[in-house]
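Pasted below: structure-v1.cif, mmCIF, C-alpha atoms.
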data_my_file
loop_
_atom_site.label_atom_id
_atom_site.label_comp_id
_atom_site.auth_asym_id
_atom_site.auth_seq_id
_atom_site.Cartn_x
_atom_site.Cartn_y
_atom_site.Cartn_z
CA MET E 1 -1.88 -19.77 10.66
CA SER E 2 -4.11 -22.76 10.10
CA GLY E 3 -5.91 -24.86 7.53
CA THR E 4 -9.22 -23.64 8.91
CA GLY E 5 -11.45 -21.92 6.35
CA ILE E 6 -13.12 -18.56 6.79
CA GLU E 7 -16.52 -19.97 7.75
CA ASP E 8 -14.97 -22.13 10.44
CA ARG E 9 -12.69 -19.41 11.65
CA LEU E 10 -15.62 -17.06 12.21
CA ALA E 11 -17.71 -19.87 13.71
CA LEU E 12 -14.93 -20.64 16.18
CA GLN E 13 -14.75 -17.00 17.24
CA ASP E 14 -18.53 -16.89 17.60
CA MET E 15 -18.40 -20.03 19.70
CA LEU E 16 -15.99 -18.49 22.19
CA VAL E 17 -17.87 -15.18 22.28
CA GLY E 18 -21.16 -17.04 22.68
CA TYR E 19 -19.78 -19.13 25.52
CA CYS E 20 -18.49 -16.11 27.44
CA ARG E 21 -21.79 -14.32 26.95
CA ALA E 22 -23.72 -17.40 28.10
CA ILE E 23 -21.71 -17.31 31.33
CA ASP E 24 -22.27 -13.58 31.75
CA ARG E 25 -26.00 -13.76 30.92
CA ARG E 26 -26.47 -16.36 33.69
CA ALA E 27 -29.60 -17.72 32.01
CA SER E 28 -28.71 -21.30 32.87
CA ALA E 29 -25.65 -23.42 33.54
CA ASP E 30 -27.02 -25.86 30.96
CA ASP E 31 -26.79 -23.22 28.22
CA ALA E 32 -23.18 -22.51 29.05
CA ALA E 33 -22.18 -26.16 29.51
CA ALA E 34 -23.73 -26.98 26.12
CA TYR E 35 -20.74 -25.22 24.53
CA TYR E 36 -18.62 -28.20 25.63
CA VAL E 37 -18.39 -31.61 24.02
CA GLU E 38 -19.60 -34.49 26.19
CA ASP E 39 -16.14 -35.16 27.63
CA GLY E 40 -15.08 -31.51 27.53
CA VAL E 41 -12.68 -30.08 30.10
CA LEU E 42 -12.67 -26.68 31.82
CA ASP E 43 -9.24 -26.05 33.29
CA ASN E 44 -9.06 -23.05 35.60
CA SER E 45 -6.39 -24.74 37.70
CA ALA E 46 -4.03 -21.79 37.17
CA VAL E 47 -6.35 -19.75 39.42
CA GLY E 48 -6.79 -22.50 41.99
CA ALA E 49 -9.95 -24.24 40.74
CA PRO E 50 -10.23 -27.99 40.28
CA VAL E 51 -10.17 -29.21 36.67
CA ALA E 52 -13.74 -29.99 35.58
CA GLU E 53 -13.74 -33.10 33.38
CA GLY E 54 -16.87 -33.91 31.41
CA ARG E 55 -19.87 -31.75 30.67
CA ALA E 56 -21.62 -32.58 33.95
CA ALA E 57 -18.59 -31.47 35.96
CA VAL E 58 -18.27 -28.34 33.80
CA ARG E 59 -21.95 -27.59 34.38
CA ALA E 60 -21.51 -27.98 38.12
CA MET E 61 -18.52 -25.63 38.13
CA ILE E 62 -20.42 -23.01 36.14
CA ASP E 63 -23.40 -23.40 38.44
CA GLY E 64 -21.07 -22.79 41.37
CA MET E 65 -19.88 -19.56 39.72
CA PHE E 66 -23.47 -18.42 39.33
CA THR E 67 -24.07 -19.09 43.02
CA SER E 68 -20.96 -17.34 44.30
CA MET E 69 -20.89 -14.38 41.90
CA ALA E 70 -23.42 -11.57 41.62
CA SER E 71 -22.11 -10.74 38.14
CA LEU E 72 -19.42 -11.67 35.64
CA GLU E 73 -18.32 -9.96 32.43
CA HIS E 74 -15.84 -11.42 29.96
CA TYR E 75 -14.31 -9.14 27.30
CA LEU E 76 -12.46 -11.05 24.58
CA SER E 77 -9.80 -9.66 22.29
CA ASN E 78 -6.89 -10.84 20.15
CA VAL E 79 -8.70 -14.00 19.06
CA LEU E 80 -6.49 -16.20 16.88
CA VAL E 81 -7.12 -19.57 15.32
CA GLU E 82 -3.70 -21.13 15.82
CA THR E 83 -4.04 -24.50 14.14
CA GLY E 84 -6.90 -26.46 12.73
CA ASP E 85 -8.53 -28.54 10.08
CA ALA E 86 -12.15 -29.27 9.18
CA GLU E 87 -12.95 -31.09 12.45
CA THR E 88 -10.57 -29.77 15.11
CA ALA E 89 -8.94 -26.45 15.87
CA GLN E 90 -6.98 -24.66 18.53
CA LEU E 91 -7.76 -21.04 19.16
CA SER E 92 -6.62 -18.57 21.76
CA ALA E 93 -7.72 -15.18 22.99
CA TYR E 94 -7.01 -12.55 25.58
CA VAL E 95 -9.74 -11.95 28.13
CA VAL E 96 -10.46 -9.25 30.66
CA ALA E 97 -12.93 -10.44 33.29
CA HIS E 98 -14.78 -8.29 35.78
CA GLY E 99 -16.46 -10.08 38.67
CA GLN E 100 -18.61 -9.13 41.60
CA PRO E 101 -18.69 -11.86 44.24
CA ASN E 102 -21.73 -12.01 46.45
CA GLY E 103 -20.77 -10.23 49.64
CA GLY E 104 -17.26 -9.49 48.36
CA ASP E 105 -15.23 -6.89 46.55
CA ALA E 106 -15.39 -6.48 42.78
CA PHE E 107 -12.27 -7.68 40.97
CA SER E 108 -10.74 -7.60 37.52
CA MET E 109 -8.55 -10.29 36.01
CA ARG E 110 -6.57 -10.35 32.78
CA GLY E 111 -5.34 -13.47 31.05
CA ALA E 112 -5.57 -15.78 28.07
CA TYR E 113 -7.74 -18.66 26.98
CA VAL E 114 -6.42 -21.57 24.98
CA VAL E 115 -9.23 -23.65 23.52
CA ASP E 116 -9.15 -27.03 21.82
CA ALA E 117 -12.29 -27.20 19.71
CA SER E 118 -14.05 -30.06 17.95
CA LYS E 119 -16.79 -29.96 15.37
CA VAL E 120 -19.73 -32.13 16.41
CA ASP E 121 -22.76 -32.47 14.14
CA GLY E 122 -21.64 -29.38 12.23
CA ALA E 123 -21.19 -27.11 15.26
CA TRP E 124 -17.95 -26.19 16.98
CA ARG E 125 -17.72 -27.13 20.64
CA ILE E 126 -15.10 -26.76 23.37
CA ALA E 127 -13.04 -29.89 23.97
CA ARG E 128 -10.75 -28.18 26.47
CA LEU E 129 -10.63 -24.60 27.69
CA THR E 130 -7.65 -23.49 29.77
CA PHE E 131 -7.36 -20.10 31.40
CA THR E 132 -3.99 -18.66 32.33
CA PRO E 133 -3.85 -15.33 34.13
CA PHE E 134 -1.26 -12.76 33.14
CA GLY E 135 1.23 -11.45 35.64
CA MET X 1 -26.59 -17.89 14.64
CA SER X 2 -28.09 -16.16 11.63
CA GLY X 3 -28.71 -16.40 7.93
CA THR X 4 -26.33 -13.49 7.37
CA GLY X 5 -23.45 -14.28 5.02
CA ILE X 6 -19.79 -13.61 5.72
CA GLU X 7 -19.60 -10.37 3.71
CA ASP X 8 -22.60 -8.96 5.56
CA ARG X 9 -21.42 -10.18 8.92
CA LEU X 10 -18.10 -8.39 8.50
CA ALA X 11 -19.82 -5.31 7.07
CA LEU X 12 -22.11 -5.17 10.11
CA GLN X 13 -19.14 -5.33 12.45
CA ASP X 14 -17.37 -2.63 10.46
CA MET X 15 -20.49 -0.49 10.64
CA LEU X 16 -20.57 -0.62 14.44
CA VAL X 17 -16.83 -0.06 14.75
CA GLY X 18 -17.02 2.80 12.26
CA TYR X 19 -19.88 4.40 14.13
CA CYS X 20 -18.08 4.27 17.48
CA ARG X 21 -14.96 5.68 15.90
CA ALA X 22 -16.94 8.46 14.23
CA ILE X 23 -18.22 9.45 17.67
CA ASP X 24 -14.74 9.29 19.18
CA ARG X 25 -13.09 11.16 16.29
CA ARG X 26 -15.54 14.04 16.77
CA ALA X 27 -15.09 15.19 13.19
CA SER X 28 -18.76 16.03 12.82
CA ALA X 29 -22.11 14.98 14.21
CA ASP X 30 -23.27 14.56 10.61
CA ASP X 31 -20.67 11.86 10.01
CA ALA X 32 -21.80 9.93 13.05
CA ALA X 33 -25.53 10.41 12.44
CA ALA X 34 -25.08 9.18 8.86
CA TYR X 35 -24.66 5.68 10.30
CA TYR X 36 -28.39 5.74 11.08
CA VAL X 37 -31.29 5.21 8.70
CA GLU X 38 -33.54 8.21 8.23
CA ASP X 39 -35.93 7.12 11.01
CA GLY X 40 -33.20 5.53 13.13
CA VAL X 41 -33.38 5.51 16.92
CA LEU X 42 -30.64 5.98 19.52
CA ASP X 43 -31.85 4.66 22.84
CA ASN X 44 -29.61 5.54 25.79
CA SER X 45 -32.60 5.68 28.11
CA ALA X 46 -31.02 3.10 30.42
CA VAL X 47 -28.49 5.78 31.40
CA GLY X 48 -31.07 8.55 31.72
CA ALA X 49 -30.97 10.09 28.24
CA PRO X 50 -34.10 10.78 26.19
CA VAL X 51 -34.69 8.42 23.26
CA ALA X 52 -33.60 10.14 20.04
CA GLU X 53 -36.01 9.24 17.23
CA GLY X 54 -35.04 10.05 13.66
CA ARG X 55 -31.67 10.99 12.26
CA ALA X 56 -32.06 14.69 13.07
CA ALA X 57 -32.73 13.90 16.74
CA VAL X 58 -29.83 11.45 16.77
CA ARG X 59 -27.58 14.10 15.25
CA ALA X 60 -28.64 16.61 17.90
CA MET X 61 -27.93 14.13 20.69
CA ILE X 62 -24.48 13.36 19.30
CA ASP X 63 -23.80 17.06 18.91
CA GLY X 64 -24.73 17.49 22.56
CA MET X 65 -22.21 14.80 23.51
CA PHE X 66 -19.51 16.62 21.55
CA THR X 67 -20.33 19.83 23.43
CA SER X 68 -20.40 18.32 26.89
CA MET X 69 -17.50 15.88 26.56
CA ALA X 70 -13.83 16.71 26.02
CA SER X 71 -13.22 13.15 24.81
CA LEU X 72 -14.90 9.81 24.35
CA GLU X 73 -13.44 6.39 23.55
CA HIS X 74 -15.52 3.30 22.76
CA TYR X 75 -13.84 -0.13 22.84
CA LEU X 76 -15.98 -2.87 21.31
CA SER X 77 -15.65 -6.57 21.96
CA ASN X 78 -17.72 -9.77 21.76
CA VAL X 79 -19.50 -8.64 18.61
CA LEU X 80 -22.14 -11.20 17.53
CA VAL X 81 -24.60 -11.15 14.67
CA GLU X 82 -27.60 -12.68 16.43
CA THR X 83 -30.18 -12.90 13.67
CA GLY X 84 -30.41 -11.62 10.15
CA ASP X 85 -31.13 -12.01 6.51
CA ALA X 86 -29.99 -10.12 3.40
CA GLU X 87 -31.69 -6.84 4.36
CA THR X 88 -31.98 -6.77 8.16
CA ALA X 89 -29.91 -8.02 11.06
CA GLN X 90 -29.59 -7.78 14.80
CA LEU X 91 -26.13 -7.63 16.28
CA SER X 92 -24.85 -7.05 19.77
CA ALA X 93 -21.53 -6.19 21.36
CA TYR X 94 -19.92 -5.37 24.65
CA VAL X 95 -18.51 -1.89 24.97
CA VAL X 96 -16.15 -0.19 27.39
CA ALA X 97 -16.45 3.59 27.17
CA HIS X 98 -14.06 6.12 28.65
CA GLY X 99 -15.28 9.68 28.85
CA GLN X 100 -13.86 13.00 29.93
CA PRO X 101 -16.60 15.57 30.52
CA ASN X 102 -15.66 19.20 30.11
CA GLY X 103 -14.97 20.45 33.60
CA GLY X 104 -15.77 17.09 35.19
CA ASP X 105 -14.14 13.87 36.28
CA ALA X 106 -13.18 11.16 33.79
CA PHE X 107 -15.39 8.08 33.94
CA SER X 108 -15.54 4.56 32.56
CA MET X 109 -18.69 2.65 31.74
CA ARG X 110 -19.19 -0.97 30.70
CA GLY X 111 -22.26 -2.32 28.98
CA ALA X 112 -23.77 -3.80 25.86
CA TYR X 113 -25.15 -2.53 22.59
CA VAL X 114 -28.03 -4.18 20.81
CA VAL X 115 -28.37 -2.93 17.24
CA ASP X 116 -31.14 -3.46 14.72
CA ALA X 117 -29.58 -2.89 11.31
CA SER X 118 -31.04 -2.37 7.85
CA LYS X 119 -29.35 -2.46 4.49
CA VAL X 120 -30.06 0.70 2.52
CA ASP X 121 -28.67 1.12 -0.98
CA GLY X 122 -26.20 -1.68 -0.32
CA ALA X 123 -24.84 -0.29 2.95
CA TRP X 124 -25.72 -1.38 6.50
CA ARG X 125 -27.17 1.32 8.71
CA ILE X 126 -28.42 1.49 12.29
CA ALA X 127 -32.20 1.28 12.62
CA ARG X 128 -32.07 1.21 16.42
CA LEU X 129 -29.15 1.21 18.83
CA THR X 130 -29.83 0.50 22.49
CA PHE X 131 -27.20 0.74 25.20
CA THR X 132 -27.60 -1.13 28.47
CA PRO X 133 -24.99 -0.66 31.19
CA PHE X 134 -23.77 -3.66 33.16
CA GLY X 135 -24.07 -3.77 36.89
CA MET N 1 -14.24 0.61 3.20
CA SER N 2 -11.58 -0.86 0.97
CA GLY N 3 -10.96 -3.05 -2.02
CA THR N 4 -9.41 -5.66 0.25
CA GLY N 5 -11.08 -9.08 0.06
CA ILE N 6 -12.25 -11.12 3.03
CA GLU N 7 -9.21 -13.40 3.15
CA ASP N 8 -6.87 -10.43 3.17
CA ARG N 9 -8.95 -8.51 5.64
CA LEU N 10 -8.82 -11.38 8.14
CA ALA N 11 -5.14 -11.98 7.42
CA LEU N 12 -4.40 -8.30 8.14
CA GLN N 13 -6.23 -8.52 11.46
CA ASP N 14 -4.37 -11.73 12.31
CA MET N 15 -1.09 -10.02 11.45
CA LEU N 16 -1.70 -7.21 13.90
CA VAL N 17 -2.95 -9.56 16.61
CA GLY N 18 -0.01 -11.86 16.01
CA TYR N 19 2.45 -8.99 16.23
CA CYS N 20 1.05 -7.74 19.52
CA ARG N 21 1.08 -11.23 20.94
CA ALA N 22 4.67 -11.77 19.77
CA ILE N 23 5.65 -8.67 21.75
CA ASP N 24 3.72 -9.82 24.80
CA ARG N 25 5.02 -13.40 24.63
CA ARG N 26 8.61 -12.09 24.69
CA ALA N 27 9.91 -15.23 23.00
CA SER N 28 12.37 -13.29 20.88
CA ALA N 29 12.78 -9.84 19.38
CA ASP N 30 13.44 -11.58 16.06
CA ASP N 31 9.95 -13.13 16.09
CA ALA N 32 8.34 -9.76 16.65
CA ALA N 33 10.56 -7.86 14.18
CA ALA N 34 9.75 -10.47 11.52
CA TYR N 35 6.28 -8.92 11.28
CA TYR N 36 7.93 -5.92 9.58
CA VAL N 37 9.11 -5.62 6.01
CA GLU N 38 12.85 -5.15 5.57
CA ASP N 39 12.57 -1.35 5.56
CA GLY N 40 9.63 -1.27 7.99
CA VAL N 41 9.17 1.61 10.43
CA LEU N 42 7.98 1.58 14.05
CA ASP N 43 6.90 5.07 15.01
CA ASN N 44 6.25 5.51 18.73
CA SER N 45 7.41 9.13 18.55
CA ALA N 46 4.09 10.34 20.00
CA VAL N 47 5.17 8.77 23.30
CA GLY N 48 8.72 10.09 23.14
CA ALA N 49 10.53 7.18 21.48
CA PRO N 50 12.84 7.58 18.50
CA VAL N 51 11.44 6.38 15.16
CA ALA N 52 12.90 2.96 14.37
CA GLU N 53 13.59 2.73 10.63
CA GLY N 54 14.36 -0.67 9.13
CA ARG N 55 13.86 -4.11 10.61
CA ALA N 56 17.19 -4.09 12.48
CA ALA N 57 16.29 -0.83 14.23
CA VAL N 58 12.80 -2.16 14.98
CA ARG N 59 14.32 -5.32 16.41
CA ALA N 60 16.66 -3.28 18.62
CA MET N 61 13.76 -1.16 19.90
CA ILE N 62 11.71 -4.27 20.72
CA ASP N 63 14.71 -5.83 22.42
CA GLY N 64 15.01 -2.68 24.51
CA MET N 65 11.36 -3.04 25.55
CA PHE N 66 12.02 -6.63 26.61
CA THR N 67 14.94 -5.48 28.73
CA SER N 68 13.16 -2.59 30.42
CA MET N 69 9.73 -4.18 30.91
CA ALA N 70 8.86 -7.14 33.13
CA SER N 71 5.63 -7.63 31.16
CA LEU N 72 3.51 -6.10 28.42
CA GLU N 73 -0.04 -6.87 27.33
CA HIS N 74 -1.71 -5.39 24.24
CA TYR N 75 -5.50 -5.67 23.88
CA LEU N 76 -6.73 -4.76 20.40
CA SER N 77 -10.23 -3.69 19.48
CA ASN N 78 -12.06 -1.76 16.76
CA VAL N 79 -9.83 -3.11 14.01
CA LEU N 80 -10.71 -1.59 10.62
CA VAL N 81 -9.15 -2.04 7.21
CA GLU N 82 -9.38 1.52 5.94
CA THR N 83 -8.04 1.26 2.43
CA GLY N 84 -6.31 -1.41 0.46
CA ASP N 85 -5.80 -3.50 -2.63
CA ALA N 86 -4.22 -6.89 -3.25
CA GLU N 87 -0.70 -5.81 -2.23
CA THR N 88 -1.03 -2.90 0.19
CA ALA N 89 -3.48 -1.88 2.87
CA GLN N 90 -3.94 0.56 5.69
CA LEU N 91 -5.60 -0.67 8.86
CA SER N 92 -6.16 0.87 12.24
CA ALA N 93 -7.13 -0.33 15.68
CA TYR N 94 -7.61 0.79 19.23
CA VAL N 95 -5.22 -0.67 21.77
CA VAL N 96 -5.14 -0.85 25.54
CA ALA N 97 -1.65 -1.65 26.79
CA HIS N 98 -0.72 -2.71 30.30
CA GLY N 99 2.96 -2.57 31.19
CA GLN N 100 5.07 -3.47 34.17
CA PRO N 101 8.50 -1.83 34.01
CA ASN N 102 11.34 -3.55 35.83
CA GLY N 103 11.63 -1.77 39.15
CA GLY N 104 8.81 0.66 38.31
CA ASP N 105 5.09 1.08 38.68
CA ALA N 106 2.60 -0.72 36.45
CA PHE N 107 0.88 1.54 33.91
CA SER N 108 -1.96 1.42 31.42
CA MET N 109 -2.09 3.31 28.14
CA ARG N 110 -4.90 3.71 25.62
CA GLY N 111 -4.45 4.77 22.03
CA ALA N 112 -4.65 3.83 18.38
CA TYR N 113 -2.44 2.09 15.87
CA VAL N 114 -2.34 3.06 12.23
CA VAL N 115 -0.58 0.45 10.13
CA ASP N 116 0.58 0.56 6.53
CA ALA N 117 0.84 -3.05 5.42
CA SER N 118 2.45 -4.72 2.41
CA LYS N 119 2.08 -8.22 1.11
CA VAL N 120 5.46 -9.88 0.67
CA ASP N 121 5.68 -13.42 -0.71
CA GLY N 122 2.01 -13.94 0.08
CA ALA N 123 2.15 -12.77 3.71
CA TRP N 124 1.09 -9.40 5.10
CA ARG N 125 3.83 -7.46 6.86
CA ILE N 126 4.03 -4.08 8.60
CA ALA N 127 5.51 -1.32 6.45
CA ARG N 128 4.86 1.36 9.08
CA LEU N 129 3.19 1.17 12.47
CA THR N 130 2.38 4.42 14.24
CA PHE N 131 1.01 4.59 17.77
CA THR N 132 -0.90 7.65 18.96
CA PRO N 133 -2.05 7.79 22.57
CA PHE N 134 -5.53 9.07 23.39
CA GLY N 135 -5.97 12.00 25.70
#
Please rewrite the model in this file as structure tokens.
Amino acid sequence: MSGTGIEDRLALQDMLVGYCRAIDRRASADDAAAYYVEDGVLDNSAVGAPVAEGRAAVRAMIDGMFTSMASLEHYLSNVLVETGDAETAQLSAYVVAHGQPNGGDAFSMRGAYVVDASKVDGAWRIARLTFTPFG
Amino acid sequence: MSGTGIEDRLALQDMLVGYCRAIDRRASADDAAAYYVEDGVLDNSAVGAPVAEGRAAVRAMIDGMFTSMASLEHYLSNVLVETGDAETAQLSAYVVAHGQPNGGDAFSMRGAYVVDASKVDGAWRIARLTFTPFG
Amino acid sequence: MSGTGIEDRLALQDMLVGYCRAIDRRASADDAAAYYVEDGVLDNSAVGAPVAEGRAAVRAMIDGMFTSMASLEHYLSNVLVETGDAETAQLSAYVVAHGQPNGGDAFSMRGAYVVDASKVDGAWRIARLTFTPFG
């Protein structure tokens, strides 16, 4: 449970959905990185990636995914806003990801996101996103 | 983001979930077709089906699915209301579908719905539903 | 559709998500059983389990799952509040479950939950949860 109101709770869910879809749509790494605050962190270290610190590093990591992967799909479920107030929140979700590396075999991965979010100029952004695979 | 309020946003999501479940429940093609406006369009042309234009054509296409398929399951995720006002909206969602054709092999399909919705007599209905498979 | 307001509708969804995640997190059978009312019922009889009647029996059944399974993951989608008022509600959802039995082969199962919920001291709880597998 949290002190986050309904508007914010739905906006937080939309933020995470929008971010995953920006990755999958592959329109631009800038679009996807814009979901992060300026000093935002993308922590995929549990699957062997370096921790990207700051929006430029996040953008570079996403750009690298676009280069190495022919396609990515992220299916979110079980989204919960765990804690929060008017300006910060922590949410989490399950995710099933399907990926097709260039010149490699398609794979599926299941796990969870934990996201620290901050409201900047009225819009929720990712302060830190951590992925932990199941199993 | 959209100008759609919270009540409408949740009602739009319920509409799409209800429609998918009406298909899966197979109670009647009328039930499922009733989710469409009178001149609603079901566009599965990306997977080789003709475009069904008008509720009667939609009903006939759904009835055909019921005849050819022993079972269907549609799992929605990543639902987003993209644009909208009090009377119209566009929403999109990811979908994983599992199907068992009569006398054929079970299959799974992943893709996205884009839905143009209209509010008719206070209830959201599908004006056009387009399915695009991933990959 | 239902007479359930937006706050309750989201709280009901959070309850079901929270329950599934409590099972998957395996922190304690007490945590998971606390989602049920005192005389709550867990009905997995469609997959050959006895019907657990009362929170103590539910807790024992969940504890048995923790003992027999190395891991469980429940992915919810298509959540709908079907009927309801301020104190009771019926909701349903699709679920994909992935399980890894101790010393056995991993499995996946798809099906639906139907949940009778009651509000007790301001919090929604499970009065009866019934799982029905698809196919």
List the residues matched by the PyMOL selection byres ((chain E) within 10 of (chain X)) in the displayed structure as a ChimeraX atom specification, ordered by chain and then by residue number.
/E:6-7,10-11,13-18,20-21,70-78,98,100
For E:Phe66, the nearest of the candidates E:Val114, E:Ala123, E:Thr4, E:Asp24, counting only C-alpha atoms:
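For E:Phe66, the nearest of the given residues is E:Asp24.
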Kindly resolve the PyMOL selection byres ((chain N and resi 29-36) around 8) on the present coordinates and return the residues as a PyMOL selection string.
chain N and resi 15+19+22-23+26-28+37-41+55-56+58-60+62-63+66+125-128
Who sits within 10 Å of X:Ala86, all atoms listed in the file, same chain under 4 positions skipped, as a PyMOL selection string
chain X and resi 3-5+8+118-119+122
With distances taken over all atoms listed in the file, which residue among X:Val47, X:Ser92, X:Glu53, X:Arg25 lies nearest X:Met109?
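Answer, going by the shortest atom-to-atom distance: X:Val47.
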Interatomic distance, atom CA of X:Ala112 to atom CA of E:Met61 (Å, one decimal):
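Going from atom CA of X:Ala112 over to atom CA of E:Met61 covers 25.6 Å.
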Pairwise distance for atom CA of E:Tyr113 and atom CA of E:Thr132, rounded to one decimal in Å:
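Computing the Euclidean distance for atom CA of E:Tyr113 and atom CA of E:Thr132 yields 6.5 Å.
The spacing separating atom CA of X:Gly104 from atom CA of X:Ala52 amounts to 24.4 Å.
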The PyMOL selection byres ((chain N and resi 68) around 6) on the file shown: which residues, as a PDB file with C-alpha atoms, keeping the file's coordinate frame?
ATOM      1  CA  MET N  65      11.360  -3.040  25.550  1.00  0.00           C
ATOM      2  CA  PHE N  66      12.020  -6.630  26.610  1.00  0.00           C
ATOM      3  CA  THR N  67      14.940  -5.480  28.730  1.00  0.00           C
ATOM      4  CA  MET N  69       9.730  -4.180  30.910  1.00  0.00           C
ATOM      5  CA  PRO N 101       8.500  -1.830  34.010  1.00  0.00           C
ATOM      6  CA  ASN N 102      11.340  -3.550  35.830  1.00  0.00           C
TER       7      ASN N 102
END
Please identify all polymer residues within 8 Å of N:Val51, counting only C-alpha atoms, omitting same-chain residues fewer than 4 positions from it, and present them as a PyMOL selection string.
chain N and resi 41-45
